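Asker: My questions all concern the structure below.
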Amino acid sequence: MASASTSESALECRKPRCLDGGNALALLALVLVVVAIGSAAIGSYSLSLHDWWSVLRAPTENSTPAIVLLQIRLPRLLACLLVGSGLALAGSSYQGLFNNPMVSPDILGASAGAGFGAAVGILLGFDFVAIQALSFAGGLVAVLLAWVLAAGLCRRGDPVLMLVLVGILIGSMFTALISLTKYMADPFNKLPVITFWLLGSFASITPKDVRLAGIPIVLGCIPLLLLRWRLNVLCMGEQEARTLGVNTGALRFMVIVCATLITAATVSMCGMVGWIGLVIPHLARLIVGPNHKILLPAAALMGGGFLLLVDDVARTAGPLEIPVGVLTALIGAPFFLFLLMRERGSEA
Amino acid sequence: MNLTLERVTGGYGHRTVVHEIEFSLEPGEVVCLLGANGCGKTTLFKMILRLLRPKSGCVRLGGEDIAHWPQRRLARTLAYVPQMHAPPFAFLVRDIVLMARAAHLPPFASPDKSDRRIADEALDSLGILDLASAHYTEISGGERQLVLIARALAQQAQWLILDEPAASLDLGNQIKVLRAIGELARSGLGVLMTTHVPDHAFLYAARVALMSEGRILAMDTPGMALTESSLRKAYGVEVRVVEISARPGMRMVVPSF
């Protein structure tokens with residue numbers, strides 16, 4: 001009796017995740033392609049079908065449609081894809097690693113550190129490439145600090161908990177340092193630049209930015225995708241994972257290095273775009289289930305698509321561009337609340 | 001492959017919980033580890049599973065000190081069955097069992113068809129193959145415990161180390177789980193399990209290690225190890241060991257009034 005009713009309820013619960021892994025990924029990829037083409041088509045300069053055709057036929061031509069499409073929209077589209085997919089991938093990995101669905105990729109202070117690096121770069125009047133490099137380095141230093149301090153403090157006990165606690169501390173310390181930098185900045189020319197930069201925006205993306213930040217993002221994504229099945233085992237907790245044959249220390253190190261590369265690179269390219277790394281993994285889990293083998297690619301596809309859509313709104317909704325980081329927070333927070341209510345509902 | 005403990009001493013920080021434990025176990029029989037709360041059972045388990053480094057002494061498998069074995073080799077030899085739990089994510093039962101294959105796969109690989117077959121066979125051998133596509137978080141406690149045992153089987157290790165496999169199960173599930181464990185031992189696996197119920201040791205164990213204050217008090221067949229005086233020493237209460245007239249040779253522990 002009992003086992004019959006439980007397997008029935010299990011079947012019912014499977015309904016929302018009705019797609020099997022491969023089909024779900026194919027569908028998500030298709031949606032992403034449609035969103036990408038749509039995003040390339042819309043904007044303040046409208047492109048006719050004829051324009052598309054002429055650009056596709058002669059991509060090097062110096063016509064206005066070619067410049068709009070290849071110099072402005074394509075880099076921006078790629079930047080959104082890289083940032084959205086990268087953050088969603090890093091977020092899903094972190095949620096598995098820390099065995100906690102409330103964790104986002106900046107939990108160990110990566111974005112705060114990167115933000116501080118950028119703020120200092122702007123304050124000192126560096127050129128754009130130097131600002132990006134400083135920002136990237138700031139993100140790495142913050143997480144390295146958290147790692148070293150946690151390892152020093154945690155001779156025994158729960159290493160993961162210690163890492164999260166120290167990470168939150170380091171993060172808030174760097175946030176305070178960002179405030180200090182802003183306070184010291186010239187309020188007429190440097191403070192606005194720092195503030196807008198930290199809000200997160202793709203408005204000034206150039207093909208060079210995409211190339212520069214794209215390398216660490218892709219380098220971070222590949223090992224995460226290769227190791228993704230082992231993240232399942234880590235969800236059983238540190239000790240159990242070890243008895244199942246996983247070298248948890250090495251795996252944790254790899255995941256943190258990769259997620260930090262991704263997060264620091266995204267902040268160095270486009271400022272702080274929050275919420276994606278927290279919300280998209282939840283949404284993906286709702287559709288394909290918690291198995292990281294499917295979850296990670298699904299989250300990457302959805303993260304890229306989601307950020308493209310948000311950026312479309314950011315650049316078309318008002319007469320001026322809305323900073324995309326503001327929009328992801330405005331959309332992300334209520335959306336996350338909705339997901340939580342849904343998850344609670346299915347538990348009851 | 002023998003599991004041998006050589007003067008194993010260990011604990012946390014400056015506190016020593018387990019003192020110079022020494023025994024050697026052979027596969028093919030169920031060995032029960034009994035003792036009061038806080039007597040060091042869990043600490044001893046952690047050292048056997050290499051989750052805690054002994055302060056002195058060593059744990060040997062087939063004569064080799066396991067201290068420097070690679071994690072995967074250890075997991076291919078010792079499989080651990082924790083007390084049932086609920087992970088934060090709603091994995092499918094099959095995905096939980098497949099995790100056992102981590103010990104057999106290289107780091108960047110993920111399970112393939114043959115691994116899925118091994119997982120399904122493990123579920124089938126415990127009679128719970130129909131749960132394969134259910135969510136682990138939604139099945140009953142007894143089913144979860146069986147799933148964790150199935151996962152240990154899919155690990156294809158020579159030894160099963162079980163932490164109170166019958167705790168918090170109802171009577172029917174207790175018998176089901178313990179019977180399954182007994183059959184696994186008869187099939188040639190080594191089984192070391194903790195329990196809080198001496199009756200389970202009488203029923204299913206070939207040998208018993210009774211622990212008290214970090215030391216082995218008695219190590220023998222259940223009948224020899226679990227006597228009224230040794231149980232009084234281990235648990236600090238007066239008990240009587242009675243023979244059940246309806247089942248000759250079967251014993252039970254009851255409180256003495």
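Please note that chains go A, B, ... in the order of the structure tokens, that every chain numbers its residues from 1, and that ligands are numbered from 1 in the order shown.
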Please return, as an mmCIF file with C-alpha atoms, in the first residue's frame, all residues of chain B lying within 8 Å of chain A when only C-alpha atoms are considered.
Answerer:
data_model
loop_
_atom_site.group_PDB
_atom_site.id
_atom_site.type_symbol
_atom_site.label_atom_id
_atom_site.label_comp_id
_atom_site.auth_asym_id
_atom_site.auth_seq_id
_atom_site.Cartn_x
_atom_site.Cartn_y
_atom_site.Cartn_z
ATOM 1 C CA LEU B 49 36.535 4.931 6.481
ATOM 2 C CA LEU B 51 37.437 10.268 7.322
ATOM 3 C CA GLN B 71 40.343 7.778 -2.600
ATOM 4 C CA ARG B 72 38.932 5.714 -5.460
ATOM 5 C CA ARG B 73 40.800 2.558 -4.498
ATOM 6 C CA LEU B 74 39.522 2.851 -0.939
ATOM 7 C CA ALA B 75 35.962 3.321 -2.215
ATOM 8 C CA ARG B 76 36.313 0.249 -4.426
ATOM 9 C CA LEU B 78 35.012 -0.211 1.424
ATOM 10 C CA ALA B 79 31.450 0.937 0.799
ATOM 11 C CA TYR B 80 29.761 3.057 3.437
ATOM 12 C CA PRO B 82 25.184 6.178 6.120
ATOM 13 C CA PRO B 87 19.872 15.794 0.396
ATOM 14 C CA PRO B 88 18.724 19.328 -0.504
ATOM 15 C CA PHE B 89 18.002 18.391 -4.112
ATOM 16 C CA ALA B 90 15.347 15.932 -5.301
ATOM 17 C CA PHE B 91 17.534 13.413 -7.118
ATOM 18 C CA ASP B 95 20.874 8.913 -9.917
ATOM 19 C CA MET B 99 26.863 7.957 -7.611
ATOM 20 C CA ALA B 100 28.511 4.733 -6.447
ATOM 21 C CA ARG B 101 30.158 4.496 -9.859
ATOM 22 C CA ALA B 102 32.365 7.505 -9.072
ATOM 23 C CA ALA B 103 34.807 5.039 -7.532
ATOM 24 C CA PRO B 107 37.506 12.140 -13.039
ATOM 25 C CA PHE B 108 36.042 13.627 -16.229
ATOM 26 C CA ALA B 109 33.793 10.664 -17.062
ATOM 27 C CA SER B 110 30.157 10.136 -16.247
ATOM 28 C CA LEU B 131 11.644 2.834 -7.266
ATOM 29 C CA SER B 133 12.521 6.638 -11.312
ATOM 30 C CA ALA B 134 11.044 7.893 -8.041
ATOM 31 C CA HIS B 135 12.415 10.926 -6.251
ATOM 32 C CA GLU B 138 9.701 11.361 -1.608
ATOM 33 C CA ILE B 139 10.113 7.665 -0.765
ATOM 34 C CA SER B 140 9.724 6.253 2.746
ATOM 35 C CA GLN B 155 30.067 0.405 -5.558
#
Asker: Just checking: using only C-alpha atoms, which residue out of B:Leu33, B:Ala67, B:Leu52, B:Val254 ends up closest to Ile161 of chain B?
Answerer: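 Distance minimum relative to Ile161 of chain B lands on B:Leu33.
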Asker: Could you list, as a JSON list (two decimals) with C-alpha atoms, in the first residue's frame, every residue within 7 Å of Cys270 of chain A, counting only C-alpha atoms and ignoring same-chain residues fewer than 6 positions away?
Answerer:
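And here is the file that came out, around07.json:
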[["chain", "number", "residue", "atom", "x", "y", "z"],
["A", 200, "GLY", "CA", 26.46, 46.59, -14.84],
["A", 201, "SER", "CA", 25.91, 47.41, -18.50],
["A", 202, "PHE", "CA", 26.67, 46.13, -21.96]]
Asker: Do you know which residues are at most 12 Å from Gly172 of chain B counting only C-alpha atoms, after dropping those on the same chain fewer than 5 positions away, and could you put them as a PyMOL selection string?
Answerer: chain B and resi 141-143+166+177-179
Asker: With C-alpha atoms retained, could you export that selection as a compact mmCIF listing (two decimals), in the first residue's frame?
Answerer:
# COMPACT_ATOMS: atom_id res chain seq x y z
CA GLY B 141 12.52 5.93 5.30
CA GLY B 142 12.82 2.17 4.86
CA GLU B 143 12.99 2.57 1.10
CA ALA B 166 17.87 -0.34 11.22
CA VAL B 177 16.80 -4.41 5.81
CA LEU B 178 18.61 -6.69 8.26
CA ARG B 179 17.67 -9.78 6.27
Asker: Between atom CA of Phe335 of chain A and atom CA of Val279 of chain A, measure the distance and give it in Å to one decimal.
Answerer: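 Separating atom CA of Phe335 of chain A from atom CA of Val279 of chain A is a distance of 7.6 Å.
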Asker: Residues of segment 1-219 of chain B in strand (DSSP E) according to DSSP, as a count of residues only?
Answerer: 59
Asker: When you draw a straight line from atom CA of Gln83 of chain B to atom CA of His196 of chain B, how long is it in Å?
Answerer: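 Answer for the atom CA of Gln83 of chain B to atom CA of His196 of chain B separation: 13.0 Å.
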